[in-house]
Structure formats: structure tokens, C-alpha cells
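Input: a single structure, listed below in C-alpha cells.
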Amino acid sequence: MSVVKKIEDVLPVISRTGKIVFGRNNVLWALKYEPNKIKLILLSKNTPPGLEEEISKILSRKELPIKVLKSRKSNLELGSLCRRPHSVSVVAIYDFGSAPLDEEVLNV
């Protein structure tokens, strides 16, 4: 099973018991002001190309070792997994909460 699939499978648990930030503006703010708290960034499969490039530029400019993964889910599906009633194109995970993830996933 791929790392992305494992994270997608436990995203509802992460959103309920962990700490996530979602949405373009919130994730970009977090990258600029709290980058050391971010463990992982998950992009929807239909993330606008401009957003993906903007995140990449910030990561390379600040030399941040944050892993960015591309989900197999659309923004509507990602929003549903995050227990949100709207689309979500990007999620920054601060804390995995009680999600049952093994070391392979946590060290992506």
C-alpha cells in the first residue's frame, strides 16, 4: 500500500484527533510563519498548478525539508476526508493525532 493511500485512509482520524490546516491561504501562511510545525503537505489531485508552484518555491527558498505528496483524491473528496462541507485543495498536517501510522509513513 502506498504512503499516500495510507494517509488518505487515516485523514478522517487525523482531522478529528490531530492538527491540520487546510486551504490555500492558511497553508501558505503556515509555510511562511510556522514551517517547523508542519510534518507533511497533501495536495488534491486537481490542485491549481499555480498553488503547487507557489508551495514549491517557498519550500526551496527557505530550504524546508517538508514532504509534499499528491493525493489521488479530488479537492471535493479531500474536503470530505477532512470532514469539511467544502472542497479542500491543500492540507498541512501538524500532528497526526491518534492515527495508526507506522514509521514508514511518519518518515516519508
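If you're wondering about the labels, chains in the C-alpha cells are A, B, ... by order shown, residues count from 1 in each chain, ligands from 1 in order shown.
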
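Near Gly23 of chain A, within 8 Å and counting only C-alpha atoms, sit Val88, Ser89, Val90 and Val91 of chain A, not including residues fewer than 5 positions from it in the same chain.
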
Residue contacts of Arg84 of chain A (10 Å, only C-alpha atoms) excluding same-chain residues fewer than 5 positions away, as an mmCIF file with C-alpha atoms, in the first residue's frame:
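So the final result, stored in out_24.cif, reads:
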data_model
loop_
_atom_site.group_PDB
_atom_site.id
_atom_site.type_symbol
_atom_site.label_atom_id
_atom_site.label_comp_id
_atom_site.auth_asym_id
_atom_site.auth_seq_id
_atom_site.Cartn_x
_atom_site.Cartn_y
_atom_site.Cartn_z
ATOM 1 C CA SER A 15 -8.629 15.699 11.234
ATOM 2 C CA PHE A 22 -6.359 23.412 5.142
ATOM 3 C CA LEU A 76 -14.111 17.655 -3.055
ATOM 4 C CA GLU A 77 -13.068 14.184 -1.879
ATOM 5 C CA LEU A 78 -10.210 15.637 0.164
ATOM 6 C CA GLY A 79 -12.621 18.072 1.817
#

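For segment 62-71 of chain A, the set of protein, DNA and RNA residues having any atom at most 8 Å away, when counting only C-alpha atoms and skipping those fewer than 5 positions along the same chain, is Val4, Lys5, Glu8, Pro35, Ile38, Lys39, Leu40, Ile41, Leu42, Leu43, Ser44, Lys45 and Val108 of chain A.
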
Quick one: everything within 8 Å of Leu28 of chain A, counting only C-alpha atoms, minus sequence neighbours fewer than 4 positions away in the same chain. Send it as a PyMOL selection string. chain A and resi 24+32+55

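Take atom CA of Val27 of chain A and atom CA of Ser74 of chain A: the distance between them is 17.5 Å.
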
Between A:Lys37, A:Arg61, A:His86, A:Lys73, which residue has the minimum interatomic distance to Ile7 of chain A, considering only C-alpha atoms? A:Lys73

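Secondary structure by DSSP on the backbone puts the following residues of segment 11-58 of chain A in alpha helix (DSSP H): Leu11, Pro12, Val13, Ile14, Ser15, Arg16, Thr17, Arg24, Asn25, Asn26, Val27, Leu28, Trp29, Ala30, Leu31, Lys32, Tyr33, Pro49, Gly50, Leu51, Glu52, Glu53, Glu54, Ile55, Ser56, Lys57 and Ile58 of chain A.
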
Would you output that residue set with N, CA and C atoms, as an mmCIF file, in the first residue's frame?
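Generated output (part_30.cif):
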data_model
loop_
_atom_site.group_PDB
_atom_site.id
_atom_site.type_symbol
_atom_site.label_atom_id
_atom_site.label_comp_id
_atom_site.auth_asym_id
_atom_site.auth_seq_id
_atom_site.Cartn_x
_atom_site.Cartn_y
_atom_site.Cartn_z
ATOM 1 N N LEU A 11 -6.910 10.050 7.154
ATOM 2 C CA LEU A 11 -7.136 11.500 7.213
ATOM 3 C C LEU A 11 -8.338 11.881 8.080
ATOM 4 N N PRO A 12 -9.434 11.129 8.065
ATOM 5 C CA PRO A 12 -10.530 11.475 8.982
ATOM 6 C C PRO A 12 -10.110 11.415 10.453
ATOM 7 N N VAL A 13 -9.272 10.432 10.802
ATOM 8 C CA VAL A 13 -8.779 10.321 12.179
ATOM 9 C C VAL A 13 -7.846 11.485 12.491
ATOM 10 N N ILE A 14 -6.975 11.824 11.539
ATOM 11 C CA ILE A 14 -6.054 12.945 11.735
ATOM 12 C C ILE A 14 -6.839 14.240 11.928
ATOM 13 N N SER A 15 -7.867 14.451 11.130
ATOM 14 C CA SER A 15 -8.629 15.699 11.234
ATOM 15 C C SER A 15 -9.412 15.771 12.543
ATOM 16 N N ARG A 16 -9.760 14.608 13.109
ATOM 17 C CA ARG A 16 -10.522 14.587 14.348
ATOM 18 C C ARG A 16 -9.623 14.653 15.587
ATOM 19 N N THR A 17 -8.467 13.978 15.556
ATOM 20 C CA THR A 17 -7.638 13.878 16.761
ATOM 21 C C THR A 17 -6.303 14.606 16.660
ATOM 22 N N ARG A 24 -5.690 27.138 0.752
ATOM 23 C CA ARG A 24 -4.544 27.849 0.171
ATOM 24 C C ARG A 24 -3.955 28.888 1.112
ATOM 25 N N ASN A 25 -4.763 29.824 1.549
ATOM 26 C CA ASN A 25 -4.262 30.929 2.366
ATOM 27 C C ASN A 25 -3.689 30.455 3.694
ATOM 28 N N ASN A 26 -4.375 29.518 4.351
ATOM 29 C CA ASN A 26 -3.900 29.030 5.650
ATOM 30 C C ASN A 26 -2.599 28.246 5.534
ATOM 31 N N VAL A 27 -2.483 27.426 4.493
ATOM 32 C CA VAL A 27 -1.259 26.638 4.316
ATOM 33 C C VAL A 27 -0.088 27.548 3.936
ATOM 34 N N LEU A 28 -0.319 28.512 3.061
ATOM 35 C CA LEU A 28 0.756 29.447 2.703
ATOM 36 C C LEU A 28 1.193 30.262 3.917
ATOM 37 N N TRP A 29 0.247 30.667 4.755
ATOM 38 C CA TRP A 29 0.589 31.402 5.985
ATOM 39 C C TRP A 29 1.437 30.506 6.882
ATOM 40 N N ALA A 30 1.016 29.245 7.040
ATOM 41 C CA ALA A 30 1.753 28.310 7.889
ATOM 42 C C ALA A 30 3.170 28.086 7.370
ATOM 43 N N LEU A 31 3.324 27.997 6.056
ATOM 44 C CA LEU A 31 4.660 27.818 5.474
ATOM 45 C C LEU A 31 5.556 29.023 5.743
ATOM 46 N N LYS A 32 4.970 30.196 5.772
ATOM 47 C CA LYS A 32 5.772 31.405 5.996
ATOM 48 C C LYS A 32 6.082 31.642 7.462
ATOM 49 N N TYR A 33 5.133 31.332 8.363
ATOM 50 C CA TYR A 33 5.287 31.712 9.765
ATOM 51 C C TYR A 33 5.451 30.557 10.746
ATOM 52 N N PRO A 49 -2.310 24.478 -10.580
ATOM 53 C CA PRO A 49 -0.857 24.446 -10.803
ATOM 54 C C PRO A 49 -0.127 25.625 -10.154
ATOM 55 N N GLY A 50 -0.723 26.775 -10.138
ATOM 56 C CA GLY A 50 -0.091 27.935 -9.529
ATOM 57 C C GLY A 50 0.170 27.740 -8.047
ATOM 58 N N LEU A 51 -0.738 27.073 -7.354
ATOM 59 C CA LEU A 51 -0.572 26.826 -5.922
ATOM 60 C C LEU A 51 0.554 25.832 -5.674
ATOM 61 N N GLU A 52 0.595 24.795 -6.472
ATOM 62 C CA GLU A 52 1.650 23.796 -6.345
ATOM 63 C C GLU A 52 3.028 24.436 -6.548
ATOM 64 N N GLU A 53 3.140 25.303 -7.544
ATOM 65 C CA GLU A 53 4.400 26.010 -7.808
ATOM 66 C C GLU A 53 4.752 26.957 -6.675
ATOM 67 N N GLU A 54 3.748 27.657 -6.143
ATOM 68 C CA GLU A 54 3.996 28.601 -5.051
ATOM 69 C C GLU A 54 4.522 27.883 -3.812
ATOM 70 N N ILE A 55 3.942 26.738 -3.495
ATOM 71 C CA ILE A 55 4.401 25.946 -2.348
ATOM 72 C C ILE A 55 5.832 25.467 -2.595
ATOM 73 N N SER A 56 6.111 24.978 -3.788
ATOM 74 C CA SER A 56 7.466 24.510 -4.122
ATOM 75 C C SER A 56 8.495 25.622 -3.994
ATOM 76 N N LYS A 57 8.142 26.823 -4.458
ATOM 77 C CA LYS A 57 9.070 27.959 -4.364
ATOM 78 C C LYS A 57 9.376 28.315 -2.922
ATOM 79 N N ILE A 58 8.353 28.340 -2.077
ATOM 80 C CA ILE A 58 8.564 28.663 -0.658
ATOM 81 C C ILE A 58 9.459 27.609 -0.020
#

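With only C-alpha atoms as the basis for measurement, A:Gly18 is the residue among A:Asn46, A:Ser80, A:Leu59, A:Gly18 that approaches Phe96 of chain A most closely.
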
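Within chain A, residues classed as strand (DSSP E) by DSSP on backbone coordinates are A:Lys19, A:Ile20, A:Val21, A:Phe22, A:Leu40, A:Ile41, A:Leu42, A:Leu43, A:Lys67, A:Val68, A:Leu69, A:Lys70, A:Val90, A:Val91, A:Ala92, A:Ile93, A:Tyr94, A:Asp95.
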
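Of note, atom CA of Ser98 of chain A and atom CA of Arg72 of chain A are spaced 22.8 Å apart.
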